[in-house]
>>> print(open('entry.pdb').read())   # PDB, C-alpha atoms and all ligand atoms
ATOM      1  CA  MET A 284     122.222  70.306  86.497  1.00  0.00           C
ATOM      2  CA  THR A 285     124.167  70.834  83.252  1.00  0.00           C
ATOM      3  CA  PRO A 286     127.259  73.113  83.385  1.00  0.00           C
ATOM      4  CA  LEU A 287     125.518  75.609  81.087  1.00  0.00           C
ATOM      5  CA  ARG A 288     122.467  75.769  83.369  1.00  0.00           C
ATOM      6  CA  ARG A 289     124.747  76.219  86.393  1.00  0.00           C
ATOM      7  CA  ILE A 290     126.478  79.194  84.729  1.00  0.00           C
ATOM      8  CA  TRP A 291     123.106  80.640  83.713  1.00  0.00           C
ATOM      9  CA  GLU A 292     121.712  80.380  87.249  1.00  0.00           C
ATOM     10  CA  ALA A 293     124.822  81.648  89.027  1.00  0.00           C
ATOM     11  CA  ARG A 294     126.026  84.364  86.665  1.00  0.00           C
ATOM     12  CA  VAL A 295     123.244  85.454  84.318  1.00  0.00           C
ATOM     13  CA  TYR A 296     119.881  84.950  86.061  1.00  0.00           C
ATOM     14  CA  PRO A 297     120.687  87.131  89.139  1.00  0.00           C
ATOM     15  CA  HIS A 298     121.417  90.119  86.847  1.00  0.00           C
ATOM     16  CA  LEU A 299     118.368  89.400  84.702  1.00  0.00           C
ATOM     17  CA  LEU A 300     116.221  89.212  87.833  1.00  0.00           C
ATOM     18  CA  ASP A 301     117.473  92.575  89.112  1.00  0.00           C
ATOM     19  CA  ARG A 302     116.625  94.176  85.778  1.00  0.00           C
ATOM     20  CA  VAL A 303     113.227  92.564  85.156  1.00  0.00           C
ATOM     21  CA  CYS A 304     112.022  92.837  88.772  1.00  0.00           C
ATOM     22  CA  GLY A 305     113.653  96.194  89.450  1.00  0.00           C
ATOM     23  CA  THR A 306     111.658  98.472  87.152  1.00  0.00           C
ATOM     24  CA  HIS A 307     110.346 101.793  88.430  1.00  0.00           C
ATOM     25  CA  ALA A 308     106.724 100.541  88.343  1.00  0.00           C
ATOM     26  CA  ILE A 309     107.663  97.489  90.399  1.00  0.00           C
ATOM     27  CA  ALA A 310     109.741  99.543  92.856  1.00  0.00           C
ATOM     28  CA  VAL A 311     106.678 101.688  93.597  1.00  0.00           C
ATOM     29  CA  GLU A 312     104.589  98.569  94.315  1.00  0.00           C
ATOM     30  CA  ARG A 313     107.347  97.071  96.465  1.00  0.00           C
ATOM     31  CA  ARG A 314     107.581 100.165  98.678  1.00  0.00           C
ATOM     32  CA  ARG A 315     103.810 100.222  99.197  1.00  0.00           C
ATOM     33  CA  CYS A 316     103.679  96.500 100.000  1.00  0.00           C
ATOM     34  CA  ILE A 317     106.705  96.295 102.300  1.00  0.00           C
ATOM     35  CA  ALA A 318     105.575  99.366 104.295  1.00  0.00           C
ATOM     36  CA  ARG A 319     102.769  97.160 105.660  1.00  0.00           C
ATOM     37  CA  ALA A 320     105.045  94.471 107.090  1.00  0.00           C
ATOM     38  CA  VAL A 321     105.114  94.148 110.883  1.00  0.00           C
ATOM     39  CA  GLY A 322     106.815  92.030 113.551  1.00  0.00           C
ATOM     40  CA  HIS A 323     108.812  88.983 112.540  1.00  0.00           C
ATOM     41  CA  VAL A 324     108.621  88.757 108.759  1.00  0.00           C
ATOM     42  CA  LEU A 325     109.190  85.761 106.509  1.00  0.00           C
ATOM     43  CA  GLU A 326     109.969  86.561 102.889  1.00  0.00           C
ATOM     44  CA  VAL A 327     109.486  83.499 100.694  1.00  0.00           C
ATOM     45  CA  GLY A 328     111.637  83.339  97.565  1.00  0.00           C
ATOM     46  CA  ILE A 329     113.599  86.397  98.653  1.00  0.00           C
ATOM     47  CA  GLY A 330     115.806  86.131  95.582  1.00  0.00           C
ATOM     48  CA  SER A 331     118.448  88.834  95.245  1.00  0.00           C
ATOM     49  CA  GLY A 332     116.861  90.798  98.109  1.00  0.00           C
ATOM     50  CA  LEU A 333     115.223  93.656  96.221  1.00  0.00           C
ATOM     51  CA  ASN A 334     112.920  94.240  99.240  1.00  0.00           C
ATOM     52  CA  VAL A 335     115.590  94.011 101.930  1.00  0.00           C
ATOM     53  CA  SER A 336     116.321  97.719 102.312  1.00  0.00           C
ATOM     54  CA  LEU A 337     112.604  98.651 102.380  1.00  0.00           C
ATOM     55  CA  PHE A 338     111.623  97.281 105.821  1.00  0.00           C
ATOM     56  CA  ASP A 339     110.751  99.878 108.454  1.00  0.00           C
ATOM     57  CA  PRO A 340     112.719  99.158 111.671  1.00  0.00           C
ATOM     58  CA  SER A 341     110.014 100.839 113.760  1.00  0.00           C
ATOM     59  CA  LEU A 342     107.506  98.180 112.621  1.00  0.00           C
ATOM     60  CA  VAL A 343     109.590  95.122 111.785  1.00  0.00           C
ATOM     61  CA  THR A 344     111.643  93.272 114.400  1.00  0.00           C
ATOM     62  CA  ALA A 345     113.426  90.836 112.065  1.00  0.00           C
ATOM     63  CA  VAL A 346     113.293  89.453 108.546  1.00  0.00           C
ATOM     64  CA  THR A 347     113.888  85.829 107.643  1.00  0.00           C
ATOM     65  CA  GLY A 348     114.327  85.159 103.945  1.00  0.00           C
ATOM     66  CA  VAL A 349     114.281  81.789 102.215  1.00  0.00           C
ATOM     67  CA  ASP A 350     115.251  80.877  98.695  1.00  0.00           C
ATOM     68  CA  PRO A 351     116.612  77.711  97.047  1.00  0.00           C
ATOM     69  CA  SER A 352     119.247  79.655  95.079  1.00  0.00           C
ATOM     70  CA  ALA A 353     122.608  80.135  96.818  1.00  0.00           C
ATOM     71  CA  PRO A 354     123.829  82.735  94.256  1.00  0.00           C
ATOM     72  CA  LEU A 355     120.683  84.826  94.810  1.00  0.00           C
ATOM     73  CA  LEU A 356     120.945  84.562  98.594  1.00  0.00           C
ATOM     74  CA  ALA A 357     124.574  85.718  98.374  1.00  0.00           C
ATOM     75  CA  ARG A 358     123.389  88.794  96.490  1.00  0.00           C
ATOM     76  CA  ALA A 359     120.633  89.422  99.055  1.00  0.00           C
ATOM     77  CA  ALA A 360     123.174  89.233 101.881  1.00  0.00           C
ATOM     78  CA  GLU A 361     125.059  92.183 100.366  1.00  0.00           C
ATOM     79  CA  ARG A 362     122.074  94.542 100.554  1.00  0.00           C
ATOM     80  CA  PRO A 363     121.948  97.082 103.386  1.00  0.00           C
ATOM     81  CA  SER A 364     119.226  96.230 105.912  1.00  0.00           C
ATOM     82  CA  ALA A 365     117.909  98.345 108.796  1.00  0.00           C
ATOM     83  CA  VAL A 366     116.504  95.239 110.528  1.00  0.00           C
ATOM     84  CA  PRO A 367     118.145  91.952 111.578  1.00  0.00           C
ATOM     85  CA  LEU A 368     118.195  89.706 108.488  1.00  0.00           C
ATOM     86  CA  GLU A 369     118.502  85.918 108.452  1.00  0.00           C
ATOM     87  CA  LEU A 370     118.823  84.099 105.128  1.00  0.00           C
ATOM     88  CA  ARG A 371     118.148  80.377 104.710  1.00  0.00           C
ATOM     89  CA  GLU A 372     118.505  78.066 101.722  1.00  0.00           C
ATOM     90  CA  ALA A 373     115.095  76.373 101.595  1.00  0.00           C
ATOM     91  CA  VAL A 374     112.052  75.857  99.394  1.00  0.00           C
ATOM     92  CA  ALA A 375     108.607  77.332  99.946  1.00  0.00           C
ATOM     93  CA  GLU A 376     107.017  73.889  99.814  1.00  0.00           C
ATOM     94  CA  LYS A 377     108.934  72.744 102.922  1.00  0.00           C
ATOM     95  CA  LEU A 378     109.692  75.633 105.244  1.00  0.00           C
ATOM     96  CA  PRO A 379     112.185  74.835 108.014  1.00  0.00           C
ATOM     97  CA  PHE A 380     110.218  76.694 110.714  1.00  0.00           C
ATOM     98  CA  ASP A 381     107.834  75.891 113.565  1.00  0.00           C
ATOM     99  CA  SER A 382     104.139  76.575 113.067  1.00  0.00           C
ATOM    100  CA  GLY A 383     102.697  79.980 113.980  1.00  0.00           C
ATOM    101  CA  ARG A 384     106.048  81.720 114.108  1.00  0.00           C
ATOM    102  CA  PHE A 385     105.640  84.732 111.798  1.00  0.00           C
ATOM    103  CA  ASP A 386     103.574  87.927 111.976  1.00  0.00           C
ATOM    104  CA  THR A 387     103.886  88.689 108.258  1.00  0.00           C
ATOM    105  CA  VAL A 388     104.678  86.483 105.270  1.00  0.00           C
ATOM    106  CA  ILE A 389     105.649  88.075 101.967  1.00  0.00           C
ATOM    107  CA  PHE A 390     105.614  86.755  98.425  1.00  0.00           C
ATOM    108  CA  THR A 391     106.746  89.169  95.728  1.00  0.00           C
ATOM    109  CA  TYR A 392     107.075  87.606  92.271  1.00  0.00           C
ATOM    110  CA  SER A 393     107.974  84.228  93.733  1.00  0.00           C
ATOM    111  CA  LEU A 394     104.714  82.227  93.678  1.00  0.00           C
ATOM    112  CA  CYS A 395     105.052  82.269  89.903  1.00  0.00           C
ATOM    113  CA  SER A 396     108.340  80.381  90.216  1.00  0.00           C
ATOM    114  CA  VAL A 397     107.792  77.783  92.943  1.00  0.00           C
ATOM    115  CA  ASP A 398     107.164  74.200  91.803  1.00  0.00           C
ATOM    116  CA  ASP A 399     103.915  73.808  93.728  1.00  0.00           C
ATOM    117  CA  PRO A 400     102.080  77.041  94.647  1.00  0.00           C
ATOM    118  CA  ALA A 401      99.325  75.203  96.546  1.00  0.00           C
ATOM    119  CA  LYS A 402     101.858  73.493  98.811  1.00  0.00           C
ATOM    120  CA  ALA A 403     103.856  76.720  99.193  1.00  0.00           C
ATOM    121  CA  LEU A 404     100.780  78.606 100.369  1.00  0.00           C
ATOM    122  CA  LEU A 405      99.760  75.870 102.804  1.00  0.00           C
ATOM    123  CA  GLU A 406     103.259  76.033 104.259  1.00  0.00           C
ATOM    124  CA  ALA A 407     103.029  79.834 104.453  1.00  0.00           C
ATOM    125  CA  ARG A 408      99.718  79.503 106.301  1.00  0.00           C
ATOM    126  CA  ARG A 409     101.207  76.955 108.699  1.00  0.00           C
ATOM    127  CA  VAL A 410     104.066  79.236 109.772  1.00  0.00           C
ATOM    128  CA  MET A 411     101.782  82.292 110.167  1.00  0.00           C
ATOM    129  CA  ARG A 412     100.441  82.989 113.633  1.00  0.00           C
ATOM    130  CA  PRO A 413      96.624  83.230 113.764  1.00  0.00           C
ATOM    131  CA  GLY A 414      95.711  86.711 112.486  1.00  0.00           C
ATOM    132  CA  ALA A 415      99.056  87.174 110.698  1.00  0.00           C
ATOM    133  CA  LYS A 416      99.015  88.757 107.264  1.00  0.00           C
ATOM    134  CA  LEU A 417     100.259  87.627 103.915  1.00  0.00           C
ATOM    135  CA  LEU A 418     101.429  90.471 101.668  1.00  0.00           C
ATOM    136  CA  PHE A 419     101.767  89.705  97.988  1.00  0.00           C
ATOM    137  CA  ILE A 420     102.645  91.159  94.619  1.00  0.00           C
ATOM    138  CA  GLU A 421     102.390  88.375  92.101  1.00  0.00           C
ATOM    139  CA  HIS A 422     101.845  88.376  88.372  1.00  0.00           C
ATOM    140  CA  GLY A 423      99.567  85.748  86.913  1.00  0.00           C
ATOM    141  CA  ARG A 424      96.575  84.766  84.854  1.00  0.00           C
ATOM    142  CA  SER A 425      95.074  87.568  82.806  1.00  0.00           C
ATOM    143  CA  PRO A 426      91.304  88.125  83.066  1.00  0.00           C
ATOM    144  CA  ASP A 427      91.314  88.563  79.266  1.00  0.00           C
ATOM    145  CA  PRO A 428      90.785  85.072  77.718  1.00  0.00           C
ATOM    146  CA  VAL A 429      92.855  85.918  74.627  1.00  0.00           C
ATOM    147  CA  VAL A 430      95.815  87.063  76.726  1.00  0.00           C
ATOM    148  CA  PHE A 431      95.406  84.041  78.995  1.00  0.00           C
ATOM    149  CA  ARG A 432      95.652  81.715  75.988  1.00  0.00           C
ATOM    150  CA  TRP A 433      98.941  83.400  75.051  1.00  0.00           C
ATOM    151  CA  GLN A 434     100.163  83.131  78.634  1.00  0.00           C
ATOM    152  CA  ARG A 435      99.510  79.375  78.532  1.00  0.00           C
ATOM    153  CA  ARG A 436     101.229  78.980  75.152  1.00  0.00           C
ATOM    154  CA  LEU A 437     104.325  80.922  76.183  1.00  0.00           C
ATOM    155  CA  THR A 438     104.782  79.586  79.721  1.00  0.00           C
ATOM    156  CA  PRO A 439     106.684  76.378  78.749  1.00  0.00           C
ATOM    157  CA  VAL A 440     109.371  78.396  76.918  1.00  0.00           C
ATOM    158  CA  TRP A 441     109.381  81.331  79.342  1.00  0.00           C
ATOM    159  CA  LYS A 442     109.792  79.164  82.451  1.00  0.00           C
ATOM    160  CA  SER A 443     112.809  77.387  80.955  1.00  0.00           C
ATOM    161  CA  ILE A 444     114.741  80.656  80.634  1.00  0.00           C
ATOM    162  CA  ALA A 445     113.257  82.616  83.545  1.00  0.00           C
ATOM    163  CA  GLY A 446     113.823  80.447  86.609  1.00  0.00           C
ATOM    164  CA  ASN A 447     110.559  78.438  86.369  1.00  0.00           C
ATOM    165  CA  CYS A 448     108.422  81.591  86.156  1.00  0.00           C
ATOM    166  CA  HIS A 449     104.851  80.730  85.084  1.00  0.00           C
ATOM    167  CA  LEU A 450     102.806  83.456  83.378  1.00  0.00           C
ATOM    168  CA  ASP A 451      99.416  81.819  83.802  1.00  0.00           C
ATOM    169  CA  ARG A 452      98.830  81.022  87.480  1.00  0.00           C
ATOM    170  CA  ASP A 453      95.567  82.166  89.075  1.00  0.00           C
ATOM    171  CA  MET A 454      97.095  83.815  92.142  1.00  0.00           C
ATOM    172  CA  PRO A 455      93.972  85.008  94.007  1.00  0.00           C
ATOM    173  CA  ARG A 456      92.403  81.552  93.592  1.00  0.00           C
ATOM    174  CA  GLU A 457      95.572  79.815  94.847  1.00  0.00           C
ATOM    175  CA  ILE A 458      95.753  82.098  97.903  1.00  0.00           C
ATOM    176  CA  ALA A 459      92.107  81.587  98.825  1.00  0.00           C
ATOM    177  CA  ALA A 460      92.379  77.807  98.260  1.00  0.00           C
ATOM    178  CA  ALA A 461      95.059  77.651 100.972  1.00  0.00           C
ATOM    179  CA  GLY A 462      92.513  78.882 103.521  1.00  0.00           C
ATOM    180  CA  LEU A 463      93.725  82.474 103.631  1.00  0.00           C
ATOM    181  CA  THR A 464      91.186  85.280 103.536  1.00  0.00           C
ATOM    182  CA  ILE A 465      91.926  87.897 100.909  1.00  0.00           C
ATOM    183  CA  GLU A 466      91.171  91.279 102.498  1.00  0.00           C
ATOM    184  CA  GLU A 467      92.494  93.545  99.765  1.00  0.00           C
ATOM    185  CA  LEU A 468      93.132  92.880  96.112  1.00  0.00           C
ATOM    186  CA  GLY A 469      94.315  95.282  93.466  1.00  0.00           C
ATOM    187  CA  GLY A 470      96.446  95.021  90.391  1.00  0.00           C
ATOM    188  CA  TYR A 471      98.518  96.720  87.784  1.00  0.00           C
ATOM    189  CA  GLN A 472     100.058  96.028  84.415  1.00  0.00           C
ATOM    190  CA  ASP A 473     103.729  96.595  83.832  1.00  0.00           C
ATOM    191  CA  HIS A 474     103.364  97.866  80.281  1.00  0.00           C
ATOM    192  CA  HIS A 475     106.959  98.935  80.229  1.00  0.00           C
ATOM    193  CA  ARG A 476     108.438  95.447  80.558  1.00  0.00           C
ATOM    194  CA  ALA A 477     106.142  92.706  79.434  1.00  0.00           C
ATOM    195  CA  GLY A 478     103.140  94.451  77.939  1.00  0.00           C
ATOM    196  CA  ARG A 479      99.773  92.827  78.411  1.00  0.00           C
ATOM    197  CA  LEU A 480     101.263  89.478  79.384  1.00  0.00           C
ATOM    198  CA  SER A 481     102.311  90.796  82.787  1.00  0.00           C
ATOM    199  CA  VAL A 482      99.200  91.222  84.924  1.00  0.00           C
ATOM    200  CA  ALA A 483     100.053  91.672  88.577  1.00  0.00           C
ATOM    201  CA  TYR A 484      97.940  90.993  91.654  1.00  0.00           C
ATOM    202  CA  VAL A 485      98.714  93.074  94.715  1.00  0.00           C
ATOM    203  CA  GLY A 486      97.074  92.478  98.035  1.00  0.00           C
ATOM    204  CA  VAL A 487      96.755  91.408 101.627  1.00  0.00           C
ATOM    205  CA  ALA A 488      95.419  88.107 102.922  1.00  0.00           C
ATOM    206  CA  ARG A 489      94.989  87.027 106.523  1.00  0.00           C
ATOM    207  CA  ARG A 490      95.233  83.753 108.363  1.00  0.00           C
TER
HETATM  208  C1  LIG A 501     111.305  86.306  89.944  1.00  0.00           C
HETATM  209  S1  LIG A 501     112.241  85.885  91.358  1.00  0.00           S
HETATM  210  C2  LIG A 501     111.634  87.042  92.576  1.00  0.00           C
HETATM  211  C3  LIG A 501     112.580  87.254  93.700  1.00  0.00           C
HETATM  212  C4  LIG A 501     112.104  88.215  94.812  1.00  0.00           C
HETATM  213  N1  LIG A 501     110.977  87.679  95.521  1.00  0.00           N
HETATM  214  C5  LIG A 501     111.782  89.589  94.300  1.00  0.00           C
HETATM  215  O1  LIG A 501     110.726  90.140  94.615  1.00  0.00           O
HETATM  216  O2  LIG A 501     112.625  90.156  93.584  1.00  0.00           O
HETATM  217  C6  LIG A 501     111.565  84.316  91.857  1.00  0.00           C
HETATM  218  C7  LIG A 501     112.253  83.753  93.082  1.00  0.00           C
HETATM  219  O3  LIG A 501     111.599  82.548  93.500  1.00  0.00           O
HETATM  220  C8  LIG A 501     112.603  81.660  93.929  1.00  0.00           C
HETATM  221  N2  LIG A 501     112.085  80.287  93.947  1.00  0.00           N
HETATM  222  C9  LIG A 501     111.986  79.416  92.925  1.00  0.00           C
HETATM  223  N3  LIG A 501     111.499  78.242  93.356  1.00  0.00           N
HETATM  224  C10 LIG A 501     111.273  78.381  94.687  1.00  0.00           C
HETATM  225  C11 LIG A 501     110.764  77.524  95.697  1.00  0.00           C
HETATM  226  N4  LIG A 501     110.371  76.286  95.420  1.00  0.00           N
HETATM  227  N5  LIG A 501     110.700  77.998  96.944  1.00  0.00           N
HETATM  228  C12 LIG A 501     111.073  79.268  97.240  1.00  0.00           C
HETATM  229  N6  LIG A 501     111.546  80.130  96.326  1.00  0.00           N
HETATM  230  C13 LIG A 501     111.640  79.690  95.056  1.00  0.00           C
HETATM  231  C14 LIG A 501     113.725  81.872  92.947  1.00  0.00           C
HETATM  232  O4  LIG A 501     114.960  81.338  93.377  1.00  0.00           O
HETATM  233  C15 LIG A 501     113.718  83.385  92.846  1.00  0.00           C
HETATM  234  O5  LIG A 501     114.486  83.968  93.831  1.00  0.00           O
END
>>> encode(input="entry.pdb", output="structure tokens")
Amino acid sequence: MTPLRRIWEARVYPHLLDRVCGTHAIAVERRRCIARAVGHVLEVGIGSGLNVSLFDPSLVTAVTGVDPSAPLLARAAERPSAVPLELREAVAEKLPFDSGRFDTVIFTYSLCSVDDPAKALLEARRVMRPGAKLLFIEHGRSPDPVVFRWQRRLTPVWKSIAGNCHLDRDMPREIAAAGLTIEELGGYQDHHRAGRLSVAYVGVARR
């Protein structure tokens, strides 16, 4: 990693992430999503921990968060949490956990950034107990072909400045391809931040 990239990832990106992923519209979606977490929760790509304070201690016994970024994990560790919180430096594509361990797995705005979403989702499925749920809020491929073309054009530049964030991934298709059953699927557009390029998929899938 070049020194400039190291400074960007340690000093600039965590602040950028808090701003871009901390809008009012996103906060509303986060609260709704996290309220449905139960039992032992795994949050994949926990980042700076914008969900950490939202877990309900009457429903959630513990939260384990993984992320490859040490600066982001350090920020997450500073957030107040009403449930026991364990943070691990790890990637979604190779989770350091036994199979069938978690009751809920959460991805919020992290499947866009992993290197291999198919592998990440297969790993998520592996560590879910049978019947466990996957909660997700992920932006991705627009249903509008014109917007999708722009998403594809802009992704190479955008991912180089925004922590590998891809604009054009087909999230529902990726989730279903991993053998998870999508039970609920909704969406919203964050007009405030990224206009029509930011189409989000919100839902619940089950193992
Ligand atoms: C846009 S941020 C979202 C962070 C957090 N989930 C949230 O809702 O605010 C994307 C996150 O994915 C993480 N990430 C990138 N590659 C990853 C990988 N291979 N495995 C797990 N997390 C990854 C990044 O470090 C970053 O924390």
>>> residues_near_ligand(input="entry.pdb", ligand="ligand LIG 501 (chain A)", cutoff="7 Å", atoms="all atoms listed in the file", output="NGL selection string")
:A and (300 or 304 or 327-334 or 349-352 or 355 or 373-376 or 390-394 or 396-398 or 446-448)
>>> atom_distance(input="entry.pdb", atom1="atom CA of Asp381 of chain A", atom2="atom CA of Arg409 of chain A")
8.3 Å
>>> closest_residue(input="entry.pdb", among="A:Leu417, A:Cys395, A:Arg315, A:Asp427", to="Asp451 of chain A", atoms="all atoms listed in the file")
A:Cys395
>>> resolve_selection(input="entry.pdb", expression="the PyMOL selection byres (((chain A and resi 449) around 12) and not hetatm)", output="PyMOL selection string")
chain A and resi 392-400+421-424+431+433-448+450-454+480-482
>>> write_last_selection(input="entry.pdb", atoms="C-alpha atoms", output="tab-separated table (two decimals), in the coordinates of the input")
chain	number	residue	atom	x	y	z
A	392	TYR	CA	107.08	87.61	92.27
A	393	SER	CA	107.97	84.23	93.73
A	394	LEU	CA	104.71	82.23	93.68
A	395	CYS	CA	105.05	82.27	89.90
A	396	SER	CA	108.34	80.38	90.22
A	397	VAL	CA	107.79	77.78	92.94
A	398	ASP	CA	107.16	74.20	91.80
A	399	ASP	CA	103.92	73.81	93.73
A	400	PRO	CA	102.08	77.04	94.65
A	421	GLU	CA	102.39	88.38	92.10
A	422	HIS	CA	101.84	88.38	88.37
A	423	GLY	CA	99.57	85.75	86.91
A	424	ARG	CA	96.58	84.77	84.85
A	431	PHE	CA	95.41	84.04	79.00
A	433	TRP	CA	98.94	83.40	75.05
A	434	GLN	CA	100.16	83.13	78.63
A	435	ARG	CA	99.51	79.38	78.53
A	436	ARG	CA	101.23	78.98	75.15
A	437	LEU	CA	104.32	80.92	76.18
A	438	THR	CA	104.78	79.59	79.72
A	439	PRO	CA	106.68	76.38	78.75
A	440	VAL	CA	109.37	78.40	76.92
A	441	TRP	CA	109.38	81.33	79.34
A	442	LYS	CA	109.79	79.16	82.45
A	443	SER	CA	112.81	77.39	80.96
A	444	ILE	CA	114.74	80.66	80.63
A	445	ALA	CA	113.26	82.62	83.54
A	446	GLY	CA	113.82	80.45	86.61
A	447	ASN	CA	110.56	78.44	86.37
A	448	CYS	CA	108.42	81.59	86.16
A	450	LEU	CA	102.81	83.46	83.38
A	451	ASP	CA	99.42	81.82	83.80
A	452	ARG	CA	98.83	81.02	87.48
A	453	ASP	CA	95.57	82.17	89.08
A	454	MET	CA	97.10	83.82	92.14
A	480	LEU	CA	101.26	89.48	79.38
A	481	SER	CA	102.31	90.80	82.79
A	482	VAL	CA	99.20	91.22	84.92
>>> closest_residue(input="entry.pdb", among="A:Ala459, A:Arg432, A:Leu418, A:Ala293", to="Glu312 of chain A", atoms="only C-alpha atoms")
A:Leu418
>>> resolve_selection(input="entry.pdb", expression="the PyMOL selection byres (((chain A and resi 341) around 10) and not hetatm)", output="JSON, numbers by chain")
{"A": [321, 322, 338, 339, 340, 342, 343, 344, 365, 366]}
>>> resolve_selection(input="entry.pdb", expression="the PyMOL selection byres (((chain A and resi 461) around 10) and not hetatm)", output="PyMOL selection string")
chain A and resi 400-409+456-460+462-464+490
>>> atom_distance(input="entry.pdb", atom1="atom CA of Thr387 of chain A", atom2="atom CA of Leu325 of chain A")
6.3 Å
>>> closest_residue(input="entry.pdb", among="A:Tyr296, A:Tyr484, A:Phe419, A:Trp291", to="Arg314 of chain A", atoms="all atoms listed in the file")
A:Phe419
>>> atom_distance(input="entry.pdb", atom1="atom CA of Asp301 of chain A", atom2="atom CA of Ala320 of chain A")
21.9 Å
>>> residues_around(input="entry.pdb", residues="Leu468 of chain A", least_positions_apart="2", cutoff="9 Å", atoms="only C-alpha atoms", output="number ranges by chain")
A: 455, 465-466, 470, 484-488
